[in-house]
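Heads up, input_23.cif below (mmCIF, C-alpha atoms):
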data_start
#
loop_
_atom_site.label_atom_id
_atom_site.label_comp_id
_atom_site.auth_asym_id
_atom_site.auth_seq_id
_atom_site.Cartn_x
_atom_site.Cartn_y
_atom_site.Cartn_z
CA MET A 1230 55.45 100.03 90.18
CA ASP A 1231 57.38 96.83 89.61
CA ARG A 1232 57.24 94.75 86.48
CA SER A 1233 54.97 92.03 87.74
CA GLY A 1234 52.54 94.75 88.82
CA MET A 1235 52.72 96.17 85.30
CA ARG A 1236 52.04 92.72 83.88
CA VAL A 1237 48.99 92.31 86.05
CA ILE A 1238 47.69 95.67 84.90
CA ALA A 1239 48.46 94.86 81.26
CA LEU A 1240 46.57 91.60 81.68
CA LEU A 1241 43.62 93.38 83.27
CA ALA A 1242 43.69 95.92 80.44
CA LEU A 1243 43.63 93.07 77.94
CA LEU A 1244 40.67 91.46 79.71
CA ALA A 1245 38.86 94.79 79.77
CA THR A 1246 39.43 95.15 76.01
CA ALA A 1247 38.10 91.66 75.43
CA CYS A 1248 34.97 92.61 77.33
CA GLY A 1249 34.44 95.54 74.99
CA ALA A 1250 35.32 98.24 77.51
CA GLY A 1251 38.86 99.11 76.43
CA PRO A 1252 40.98 101.51 78.42
CA PRO A 1253 41.05 104.99 76.95
CA SER A 1254 44.01 105.38 74.59
CA ALA A 1255 46.57 108.12 75.11
CA LEU A 1256 45.18 111.48 73.89
CA GLY A 1257 42.13 109.60 72.60
CA GLY A 1258 43.97 108.55 69.42
CA ASP A 1259 43.45 105.33 67.49
CA PRO A 1260 46.37 102.95 68.14
CA SER A 1261 45.82 100.82 65.04
CA ALA A 1262 45.75 103.91 62.81
CA GLY A 1263 48.90 105.07 64.56
CA LYS A 1264 50.62 101.77 63.85
CA LEU A 1265 49.88 102.21 60.14
CA LEU A 1266 51.10 105.80 60.17
CA LEU A 1267 54.39 104.75 61.78
CA ARG A 1268 54.97 102.64 58.68
CA GLN A 1269 53.66 105.11 56.11
CA TYR A 1270 55.68 108.03 57.42
CA GLY A 1271 58.94 106.12 57.38
CA CYS A 1272 59.45 106.08 61.16
CA ALA A 1273 60.43 102.44 60.81
CA GLY A 1274 63.37 103.44 58.66
CA CYS A 1275 65.13 104.96 61.64
CA HIS A 1276 63.57 103.29 64.68
CA ARG A 1277 63.01 99.76 65.91
CA ILE A 1278 59.28 99.63 66.75
CA PRO A 1279 57.67 96.46 68.11
CA GLY A 1280 54.56 95.45 66.17
CA VAL A 1281 55.38 97.55 63.11
CA PRO A 1282 56.47 95.37 60.16
CA ALA A 1283 60.10 95.79 59.07
CA ALA A 1284 60.81 98.40 61.74
CA TYR A 1285 64.47 97.53 62.23
CA GLY A 1286 65.95 101.01 61.71
CA ASN A 1287 68.84 101.91 63.98
CA THR A 1288 69.48 105.55 63.16
CA GLY A 1289 67.59 106.75 66.20
CA PRO A 1290 66.89 104.93 69.46
CA PRO A 1291 64.62 101.86 69.65
CA LEU A 1292 61.04 102.64 70.73
CA ASP A 1293 60.24 99.44 72.59
CA ALA A 1294 58.71 100.05 76.03
CA LEU A 1295 58.39 103.72 75.08
CA ALA A 1296 55.50 104.21 77.49
CA ARG A 1297 57.89 103.46 80.35
CA ARG A 1298 60.66 105.74 79.07
CA VAL A 1299 61.27 108.73 81.35
CA TYR A 1300 62.69 111.28 78.89
CA LEU A 1301 61.90 112.04 75.27
CA ALA A 1302 64.49 113.55 72.96
CA GLY A 1303 66.88 113.39 75.90
CA ARG A 1304 65.17 116.29 77.66
CA LEU A 1305 61.35 116.24 77.80
CA PRO A 1306 59.47 114.38 80.52
CA ASN A 1307 57.60 111.60 78.73
CA THR A 1308 53.92 112.56 78.64
CA PRO A 1309 51.49 111.96 75.76
CA GLU A 1310 51.31 115.72 75.19
CA ASN A 1311 55.10 116.10 75.03
CA LEU A 1312 55.41 113.08 72.74
CA ALA A 1313 52.85 114.60 70.35
CA ALA A 1314 54.65 117.96 70.45
CA TRP A 1315 57.98 116.25 69.71
CA ILE A 1316 56.85 114.19 66.73
CA ARG A 1317 54.89 117.10 65.23
CA ASP A 1318 57.78 119.55 65.38
CA PRO A 1319 61.08 118.04 66.52
CA GLN A 1320 63.10 121.17 65.71
CA ARG A 1321 61.01 123.24 68.06
CA ILE A 1322 62.14 120.95 70.90
CA ASP A 1323 65.74 120.54 69.74
CA PRO A 1324 66.81 122.81 66.87
CA ARG A 1325 69.77 120.55 66.05
CA THR A 1326 68.03 117.20 66.09
CA LEU A 1327 68.41 114.98 63.04
CA MET A 1328 64.81 113.75 63.42
CA PRO A 1329 62.91 115.22 60.48
CA ASP A 1330 59.64 117.14 60.68
CA MET A 1331 57.20 114.80 58.89
CA GLN A 1332 54.40 117.40 58.72
CA LEU A 1333 52.03 115.26 60.75
CA SER A 1334 48.57 116.62 61.50
CA GLU A 1335 47.44 116.89 65.09
CA ALA A 1336 45.08 113.92 64.63
CA GLN A 1337 47.86 111.80 63.10
CA ALA A 1338 50.19 112.66 65.97
CA ARG A 1339 47.46 111.63 68.43
CA ASP A 1340 47.08 108.24 66.70
CA ILE A 1341 50.83 107.65 66.72
CA VAL A 1342 51.05 108.59 70.39
CA ALA A 1343 48.18 106.21 71.12
CA TYR A 1344 50.11 103.35 69.49
CA LEU A 1345 53.48 104.16 71.05
CA TYR A 1346 51.81 104.31 74.46
CA THR A 1347 50.69 100.71 74.04
CA LEU A 1348 54.42 99.75 74.10
CA ARG A 1349 55.08 99.04 77.74
CA MET B 1216 72.17 60.97 103.44
CA LYS B 1217 68.47 60.69 102.68
CA HIS B 1218 67.63 62.67 105.80
CA PHE B 1219 70.21 65.30 104.94
CA LEU B 1220 68.75 65.82 101.46
CA ALA B 1221 65.24 66.03 102.84
CA LEU B 1222 66.38 68.61 105.37
CA LEU B 1223 68.22 70.60 102.68
CA GLY B 1224 65.15 70.50 100.44
CA ALA B 1225 62.89 71.67 103.25
CA GLY B 1226 65.33 74.47 104.05
CA LEU B 1227 65.42 75.66 100.45
CA ILE B 1228 61.63 75.56 100.17
CA GLY B 1229 61.36 77.47 103.46
CA ALA B 1230 63.79 80.12 102.23
CA ALA B 1231 61.90 80.43 98.94
CA VAL B 1232 58.64 80.94 100.83
CA VAL B 1233 60.14 83.59 103.14
CA VAL B 1234 61.67 85.49 100.21
CA SER B 1235 58.73 85.35 97.80
CA ALA B 1236 56.24 86.26 100.53
CA GLY B 1237 58.32 89.40 101.12
CA TRP B 1238 59.03 88.48 104.73
CA TYR B 1239 62.80 88.86 104.39
CA ASN B 1240 63.55 92.24 105.94
CA VAL B 1241 65.64 94.22 103.46
CA SER B 1242 65.44 97.44 105.48
CA ALA B 1243 68.55 99.02 106.98
CA ASP B 1244 67.88 97.32 110.33
CA GLN B 1245 70.92 95.49 111.69
CA HIS B 1246 71.31 91.90 110.49
CA LEU B 1247 70.54 88.98 112.74
CA ALA B 1248 73.65 88.14 114.76
CA ALA B 1249 74.31 84.95 112.76
CA THR B 1250 74.01 86.79 109.43
CA TYR B 1251 76.23 89.59 110.70
CA TYR B 1252 79.03 87.32 111.87
CA PHE B 1253 78.86 85.26 108.71
CA LEU B 1254 79.10 88.34 106.44
CA ASP B 1255 81.85 89.89 108.57
CA PHE B 1256 83.85 86.67 108.37
CA ALA B 1257 83.33 86.42 104.60
CA LEU B 1258 84.42 90.05 104.19
CA ARG B 1259 87.64 89.62 106.18
CA ARG B 1260 88.56 86.41 104.36
CA ALA B 1261 87.82 87.96 100.96
CA VAL B 1262 89.88 91.09 101.62
CA ARG B 1263 92.85 89.03 102.83
CA GLN B 1264 92.67 86.79 99.78
CA HIS B 1265 92.21 89.55 97.19
CA ALA B 1266 94.91 91.81 98.63
CA SER B 1267 97.53 89.09 98.96
CA GLU B 1268 99.26 89.79 95.64
CA ILE B 1269 99.23 93.59 95.75
CA GLU B 1270 102.62 95.29 95.81
CA VAL B 1271 102.78 98.19 98.24
CA PRO B 1272 104.71 101.29 97.11
CA PRO B 1273 106.67 103.39 99.66
CA LEU B 1274 104.09 105.17 101.83
CA ASP B 1275 106.29 107.07 104.30
CA ASP B 1276 106.54 110.34 102.35
CA PRO B 1277 104.78 113.00 104.49
CA ALA B 1278 103.63 114.80 101.33
CA LEU B 1279 101.76 111.66 100.26
CA ALA B 1280 99.94 111.46 103.61
CA ARG B 1281 99.04 115.18 103.40
CA ARG B 1282 97.60 114.60 99.96
CA GLY B 1283 95.71 111.65 101.45
CA LEU B 1284 94.37 113.97 104.16
CA ALA B 1285 92.99 116.35 101.53
CA LEU B 1286 91.29 113.45 99.75
CA TYR B 1287 90.03 112.07 103.06
CA ARG B 1288 88.39 115.38 103.94
CA GLU B 1289 86.87 115.63 100.48
CA HIS B 1290 85.57 112.07 100.09
CA CYS B 1291 85.69 110.03 103.32
CA VAL B 1292 84.98 112.13 106.41
CA ARG B 1293 81.25 112.58 105.70
CA CYS B 1294 80.61 108.88 106.24
CA HIS B 1295 83.53 107.76 108.39
CA GLY B 1296 84.09 110.80 110.58
CA ALA B 1297 87.58 111.44 111.96
CA PRO B 1298 89.19 111.83 115.40
CA GLY B 1299 86.65 113.97 117.27
CA VAL B 1300 84.49 114.43 114.16
CA ALA B 1301 81.09 112.73 113.80
CA PRO B 1302 79.80 111.38 110.50
CA GLU B 1303 77.06 113.42 108.83
CA PRO B 1304 73.42 112.52 109.60
CA PHE B 1305 72.80 110.51 106.42
CA ALA B 1306 75.71 108.22 107.29
CA LEU B 1307 74.20 107.49 110.69
CA GLY B 1308 71.31 105.74 108.96
CA MET B 1309 73.49 103.25 107.15
CA THR B 1310 73.81 99.54 107.87
CA PRO B 1311 76.54 98.58 108.35
CA ALA B 1312 77.52 101.84 110.06
CA PRO B 1313 80.61 103.19 108.27
CA ALA B 1314 83.65 102.22 110.33
CA MET B 1315 85.48 104.75 112.49
CA LEU B 1316 88.84 104.49 110.73
CA ALA B 1317 91.10 105.56 113.61
CA HIS B 1318 91.78 101.94 114.45
CA THR B 1319 91.45 100.36 111.04
CA ALA B 1320 95.10 100.68 110.08
CA ARG B 1321 96.03 98.70 113.19
CA GLU B 1322 93.96 95.75 112.07
CA TRP B 1323 94.42 95.80 108.32
CA ARG B 1324 97.55 95.81 106.21
CA PRO B 1325 98.21 98.63 103.70
CA ALA B 1326 97.52 96.37 100.71
CA GLU B 1327 94.17 95.44 102.25
CA LEU B 1328 93.24 99.06 102.91
CA TYR B 1329 94.14 99.87 99.31
CA TRP B 1330 92.03 97.02 97.96
CA VAL B 1331 88.99 98.03 100.03
CA VAL B 1332 89.18 101.71 99.04
CA LYS B 1333 89.71 100.75 95.41
CA ARG B 1334 87.03 98.07 95.09
CA GLY B 1335 84.45 98.91 97.77
CA PHE B 1336 81.98 96.47 99.35
CA LYS B 1337 78.76 95.46 97.65
CA MET B 1338 75.52 95.79 99.67
CA THR B 1339 77.16 98.33 101.97
CA GLY B 1340 77.59 102.06 101.40
CA MET B 1341 81.31 101.64 100.65
CA PRO B 1342 81.92 102.70 97.05
CA ALA B 1343 84.63 101.44 94.75
CA TRP B 1344 86.84 104.48 94.21
CA GLN B 1345 88.84 102.98 91.37
CA TYR B 1346 87.09 105.01 88.65
CA GLN B 1347 86.96 108.19 90.74
CA LEU B 1348 90.52 108.35 92.08
CA SER B 1349 93.85 107.63 90.41
CA ASP B 1350 96.00 104.83 91.72
CA ASP B 1351 98.40 107.37 93.29
CA ASP B 1352 95.49 108.99 95.10
CA LEU B 1353 94.25 105.62 96.40
CA TRP B 1354 97.68 105.03 97.92
CA ALA B 1355 97.72 108.58 99.32
CA VAL B 1356 94.48 107.82 101.18
CA VAL B 1357 96.09 104.64 102.55
CA ALA B 1358 99.17 106.64 103.63
CA PHE B 1359 96.92 109.01 105.59
CA MET B 1360 94.97 106.13 107.13
CA LEU B 1361 98.27 104.76 108.48
CA GLU B 1362 98.69 108.05 110.39
CA LEU B 1363 95.14 108.14 111.74
CA PRO B 1364 95.67 105.92 114.83
CA ARG B 1365 98.34 108.32 116.08
CA LEU B 1366 96.28 111.52 115.79
CA SER B 1367 94.47 113.14 118.72
CA PRO B 1368 91.30 115.08 117.87
CA ALA B 1369 93.24 118.33 118.39
CA GLN B 1370 96.07 117.20 116.12
CA TYR B 1371 93.62 116.10 113.41
CA ALA B 1372 91.82 119.45 113.58
CA ALA B 1373 95.10 121.34 113.30
CA LEU B 1374 96.31 119.45 110.23
CA GLN B 1375 96.49 121.54 107.10
CA ALA B 1376 95.58 119.83 103.86
CA PRO B 1377 97.01 121.22 100.65
CA PRO B 1378 94.45 122.14 98.00
CA VAL B 1379 94.35 119.23 95.55
CA ALA B 1380 92.45 118.31 92.44
CA THR B 1381 90.16 115.60 93.77
CA GLU B 1382 88.92 114.21 90.46
CA LYS B 1383 90.67 111.45 88.58
CA VAL B 1384 92.22 112.70 85.37
CA GLU B 1385 93.82 110.00 83.27
CA LEU B 1386 94.81 110.55 79.70
CA ALA B 1387 94.36 107.62 77.41
CA ASP B 1388 97.57 106.64 75.73
CA GLU B 1389 96.82 103.01 75.07
CA LYS B 1390 94.45 101.16 72.83
CA PRO B 1391 90.93 101.47 74.33
CA ASP B 1392 90.00 98.48 76.46
CA ALA B 1393 86.39 97.38 75.93
CA GLU B 1394 86.35 95.03 78.91
CA ARG B 1395 87.57 97.76 81.24
CA GLY B 1396 84.95 100.00 79.61
CA ARG B 1397 82.22 97.55 80.56
CA GLU B 1398 83.30 97.88 84.19
CA ALA B 1399 83.61 101.68 83.90
CA ILE B 1400 80.00 101.78 82.63
CA GLN B 1401 78.92 100.10 85.86
CA PHE B 1402 80.89 102.59 87.98
CA HIS B 1403 79.74 105.73 86.18
CA ALA B 1404 76.08 104.95 86.94
CA CYS B 1405 75.13 104.49 83.25
CA VAL B 1406 73.18 101.43 84.41
CA THR B 1407 70.78 103.52 86.48
CA CYS B 1408 69.28 105.14 83.36
CA HIS B 1409 69.93 102.81 80.40
CA ARG B 1410 69.26 99.24 79.38
CA ILE B 1411 72.69 97.89 78.42
CA PRO B 1412 73.33 94.37 77.13
CA GLY B 1413 76.07 92.46 78.90
CA ILE B 1414 75.71 94.28 82.22
CA VAL B 1415 73.73 92.71 85.05
CA GLY B 1416 70.97 94.96 86.38
CA ALA B 1417 71.21 97.52 83.57
CA ASN B 1418 67.51 97.69 82.71
CA ALA B 1419 66.32 101.20 83.60
CA PRO B 1420 64.00 103.05 81.19
CA VAL B 1421 65.15 106.62 81.90
CA GLY B 1422 67.18 107.18 78.74
CA PRO B 1423 67.11 105.21 75.48
CA PRO B 1424 68.10 101.53 75.49
CA LEU B 1425 71.64 100.86 74.23
CA GLU B 1426 71.08 97.58 72.39
CA GLY B 1427 72.62 98.08 68.98
CA ILE B 1428 74.24 101.38 69.98
CA GLY B 1429 77.42 100.25 68.19
CA SER B 1430 75.65 100.40 64.85
CA ARG B 1431 73.17 103.18 65.64
CA GLY B 1432 73.39 106.15 63.28
CA THR B 1433 73.21 108.97 65.77
CA ILE B 1434 74.22 110.03 69.27
CA ALA B 1435 71.85 112.26 71.28
CA GLY B 1436 69.89 112.78 68.07
CA VAL B 1437 72.43 115.33 66.86
CA LEU B 1438 75.84 113.70 66.27
CA PRO B 1439 76.90 111.06 63.76
CA ASN B 1440 77.87 107.99 65.77
CA THR B 1441 81.65 107.80 65.52
CA PHE B 1442 84.11 106.67 68.18
CA ALA B 1443 85.42 110.23 68.65
CA ASN B 1444 81.90 111.65 68.93
CA MET B 1445 80.91 109.04 71.50
CA VAL B 1446 83.94 109.97 73.63
CA ARG B 1447 83.02 113.66 73.28
CA TRP B 1448 79.39 112.98 74.27
CA LEU B 1449 80.30 110.82 77.29
CA ARG B 1450 82.79 113.37 78.59
CA ASP B 1451 80.60 116.45 78.21
CA PRO B 1452 76.95 115.86 77.23
CA GLN B 1453 75.97 119.52 77.60
CA GLU B 1454 78.65 120.61 75.15
CA VAL B 1455 76.90 118.41 72.57
CA SER B 1456 73.31 119.06 73.63
CA PRO B 1457 72.97 121.85 76.22
CA ARG B 1458 69.54 120.84 77.55
CA SER B 1459 70.19 117.10 77.68
CA ALA B 1460 69.04 115.24 80.78
CA MET B 1461 72.23 113.15 80.58
CA PRO B 1462 74.47 114.54 83.31
CA ASP B 1463 78.17 115.31 83.13
CA LEU B 1464 79.58 112.44 85.21
CA GLY B 1465 83.14 113.70 85.34
CA ILE B 1466 84.34 110.90 83.07
CA ASP B 1467 88.00 111.25 82.13
CA GLU B 1468 89.48 110.52 78.73
CA ARG B 1469 90.69 107.04 79.54
CA ASP B 1470 87.35 105.86 80.93
CA ALA B 1471 85.38 107.52 78.12
CA ARG B 1472 87.50 105.81 75.46
CA ASP B 1473 87.18 102.43 77.14
CA MET B 1474 83.41 102.89 77.57
CA ALA B 1475 83.03 103.93 73.92
CA ALA B 1476 84.98 100.80 72.94
CA TYR B 1477 82.52 98.62 74.87
CA LEU B 1478 79.48 100.40 73.43
CA ALA B 1479 80.91 99.88 69.94
CA THR B 1480 80.70 96.13 70.50
CA LEU B 1481 76.90 96.32 70.95
CA ARG B 1482 75.82 95.85 67.36
#

Target format structure tokens, applied to this file:
Amino acid sequence: MDRSGMRVIALLALLATACGAGPPSALGGDPSAGKLLLRQYGCAGCHRIPGVPAAYGNTGPPLDALARRVYLAGRLPNTPENLAAWIRDPQRIDPRTLMPDMQLSEAQARDIVAYLYTLR
Amino acid sequence: MKHFLALLGAGLIGAAVVVSAGWYNVSADQHLAATYYFLDFALRRAVRQHASEIEVPPLDDPALARRGLALYREHCVRCHGAPGVAPEPFALGMTPAPAMLAHTAREWRPAELYWVVKRGFKMTGMPAWQYQLSDDDLWAVVAFMLELPRLSPAQYAALQAPPVATEKVELADEKPDAERGREAIQFHACVTCHRIPGIVGANAPVGPPLEGIGSRGTIAGVLPNTFANMVRWLRDPQEVSPRSAMPDLGIDERDARDMAAYLATLR
């Protein structure tokens, strides 16, 4: 889909939220809780993340428009399930990755995924 | 004057309407005759102008033409065909249809042939070969093209091409050139997967965006971001990260160093 199409959909999604019938978040997580977790768990220290205060880190790649990214960790197709698997146990996906295992719970990973999937 | 401006304005508005309504036909159908003759004229004038200062090396060495034949069979024949040889099916669907080159050397001068092979044509299927073939190989292709008009189908079929390395291999012995690297990034398809500042059209979301890559801490999540590591990664991604989706693009040392120099400027 082209960008203007995306914008229309984003706008419709926004309208739907305003009407109280928000679109389901990715994996059913809570995006605002996820946003907080991204700060608390130090993600912002290494990544640039729109909407997260002081997230200017440039050790790893920027996470803007992450929902549109095709690959995660340079190898996984970008699905909510794969994103959750990656942030919960990066070394299982890539044993040599410098991304640390932050010992996130499944629920926390779901919330973070929900927030990152709002970044289009 | 007033009438002219009004006419120009109406024309521009009309064009804007046609384009934004999606009525302009971008399919591979042949152009309208007027568009075709205009583009063909522009192409001929541009080639003549851009090739006017190129110095032509001696091209009459038969070994050079034989090397050109090997390169022609590897890289050109699939689209352009050869005496008695049809292009492959995919090339038959292209607009413009790739030229049958048996007569081209009669119409174009060697410097012009060289410039076209080296730089390609935008909005056609003709690639720029400058980052895929060395300068010597570009001239070898030209040397073979000069022989093409004199070859019967039987003679072409009987020609023996020596086995040659068909990839460009240039060692870097100079200071890396960031501006050349910016161009090399365009011609190694980096732009089809990454968002890259300073390059028109580089906005794809397949791999990570490269804003700030010059000051980023890591490459591929596994290497510290140094100039040498960037060159290593660009030249052989799987050596660094075996399951990476980033393909090995056959980038030689010179191009990799120039590309790394450009990426280092993105801070």

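Applied to this file, the PyMOL selection byres ((chain B) within 6 of (chain A)) selects Pro1420, Val1421, Arg1431, Gly1432, Thr1433, Gly1436, Val1437, Ser1459 and Ala1460 of chain B.
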
I need the chosen residues saved as a compact mmCIF listing (two decimals), in the coordinates of the input, with C-alpha atoms.
# COMPACT_ATOMS: atom_id res chain seq x y z
CA PRO B 1420 64.00 103.05 81.19
CA VAL B 1421 65.15 106.62 81.90
CA ARG B 1431 73.17 103.18 65.64
CA GLY B 1432 73.39 106.15 63.28
CA THR B 1433 73.21 108.97 65.77
CA GLY B 1436 69.89 112.78 68.07
CA VAL B 1437 72.43 115.33 66.86
CA SER B 1459 70.19 117.10 77.68
CA ALA B 1460 69.04 115.24 80.78

What does the structure give for the distance between CA of Leu1366 (chain B) and CA of Ala1317 (chain B), in Å to one decimal?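 Result for CA of Leu1366 (chain B) versus CA of Ala1317 (chain B): 8.2 Å, one decimal.
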
Could you tell me which residues the PyMOL selection byres ((chain B and resi 1470-1478) around 10) grabs in this file, written as a count of residues only? 47

Compile the contact shell of Gly1271 (chain A) as a list in words: residues with an atom at most 12 Å away, counting all atoms listed in the file, same-chain residues fewer than 2 positions apart removed.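 Returned residues: Lys1264, Leu1265, Leu1266, Leu1267, Arg1268, Gln1269, Ala1273, Gly1274, Cys1275, His1276, Arg1277, Ile1278, Val1281, Pro1282, Ala1283, Ala1284, Tyr1285, Gly1286, Met1328, Pro1329, Asp1330, Met1331 and Leu1333 of chain A.
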
For the PyMOL selection byres ((chain A and resi 1309) around 10), applied here, can you spell out every residue it catches as a PDB file with C-alpha atoms, in the frame of the given file?
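And here's expr00.pdb as it stands now:
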ATOM      1  CA  ALA A1255      46.570 108.120  75.110  1.00  0.00           C
ATOM      2  CA  LEU A1256      45.180 111.480  73.890  1.00  0.00           C
ATOM      3  CA  ALA A1296      55.500 104.210  77.490  1.00  0.00           C
ATOM      4  CA  PRO A1306      59.470 114.380  80.520  1.00  0.00           C
ATOM      5  CA  ASN A1307      57.600 111.600  78.730  1.00  0.00           C
ATOM      6  CA  THR A1308      53.920 112.560  78.640  1.00  0.00           C
ATOM      7  CA  GLU A1310      51.310 115.720  75.190  1.00  0.00           C
ATOM      8  CA  ASN A1311      55.100 116.100  75.030  1.00  0.00           C
ATOM      9  CA  LEU A1312      55.410 113.080  72.740  1.00  0.00           C
ATOM     10  CA  ALA A1313      52.850 114.600  70.350  1.00  0.00           C
ATOM     11  CA  ALA A1314      54.650 117.960  70.450  1.00  0.00           C
ATOM     12  CA  TRP A1315      57.980 116.250  69.710  1.00  0.00           C
ATOM     13  CA  ALA A1338      50.190 112.660  65.970  1.00  0.00           C
ATOM     14  CA  ARG A1339      47.460 111.630  68.430  1.00  0.00           C
ATOM     15  CA  VAL A1342      51.050 108.590  70.390  1.00  0.00           C
ATOM     16  CA  ALA A1343      48.180 106.210  71.120  1.00  0.00           C
ATOM     17  CA  LEU A1345      53.480 104.160  71.050  1.00  0.00           C
ATOM     18  CA  TYR A1346      51.810 104.310  74.460  1.00  0.00           C
TER      19      TYR A1346
END

Residue nearest Pro1253 (chain A) among A:Gln1320, A:Gln1332, A:Thr1347, A:Gln1337 (counting only C-alpha atoms):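 Comparing A:Gln1320, A:Gln1332, A:Thr1347, A:Gln1337 against Pro1253 (chain A), the winner is A:Thr1347.
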
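Atom pair CA of Tyr1239 (chain B) / CA of Val1262 (chain B): separated by 27.3 Å.
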
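Between CA of Thr1407 (chain B) and CA of Met1338 (chain B) the interatomic distance comes to 16.0 Å.
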
Which residue out of B:Ala1326, B:Val1300, B:Ala1312, B:Arg1334 has the minimum interatomic distance to Glu1268 (chain B) when all atoms listed in the file are used?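 For Glu1268 (chain B), the nearest of the candidates is B:Ala1326.
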
Please return, as a CSV table (one decimal) with C-alpha atoms, keeping the file's coordinate frame, all polymer residues that have at least one atom within 12 Å of the point (95.3, 97.4, 107.7); use only C-alpha atoms and the file's own coordinate frame.
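Wrote result_4.csv, looks like this:
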chain,number,residue,atom,x,y,z
B,1259,ARG,CA,87.6,89.6,106.2
B,1262,VAL,CA,89.9,91.1,101.6
B,1263,ARG,CA,92.8,89.0,102.8
B,1266,ALA,CA,94.9,91.8,98.6
B,1316,LEU,CA,88.8,104.5,110.7
B,1317,ALA,CA,91.1,105.6,113.6
B,1318,HIS,CA,91.8,101.9,114.4
B,1319,THR,CA,91.4,100.4,111.0
B,1320,ALA,CA,95.1,100.7,110.1
B,1321,ARG,CA,96.0,98.7,113.2
B,1322,GLU,CA,94.0,95.8,112.1
B,1323,TRP,CA,94.4,95.8,108.3
B,1324,ARG,CA,97.6,95.8,106.2
B,1325,PRO,CA,98.2,98.6,103.7
B,1326,ALA,CA,97.5,96.4,100.7
B,1327,GLU,CA,94.2,95.4,102.2
B,1328,LEU,CA,93.2,99.1,102.9
B,1329,TYR,CA,94.1,99.9,99.3
B,1330,TRP,CA,92.0,97.0,98.0
B,1331,VAL,CA,89.0,98.0,100.0
B,1332,VAL,CA,89.2,101.7,99.0
B,1357,VAL,CA,96.1,104.6,102.6
B,1358,ALA,CA,99.2,106.6,103.6
B,1359,PHE,CA,96.9,109.0,105.6
B,1360,MET,CA,95.0,106.1,107.1
B,1361,LEU,CA,98.3,104.8,108.5
B,1362,GLU,CA,98.7,108.0,110.4
B,1363,LEU,CA,95.1,108.1,111.7
B,1364,PRO,CA,95.7,105.9,114.8
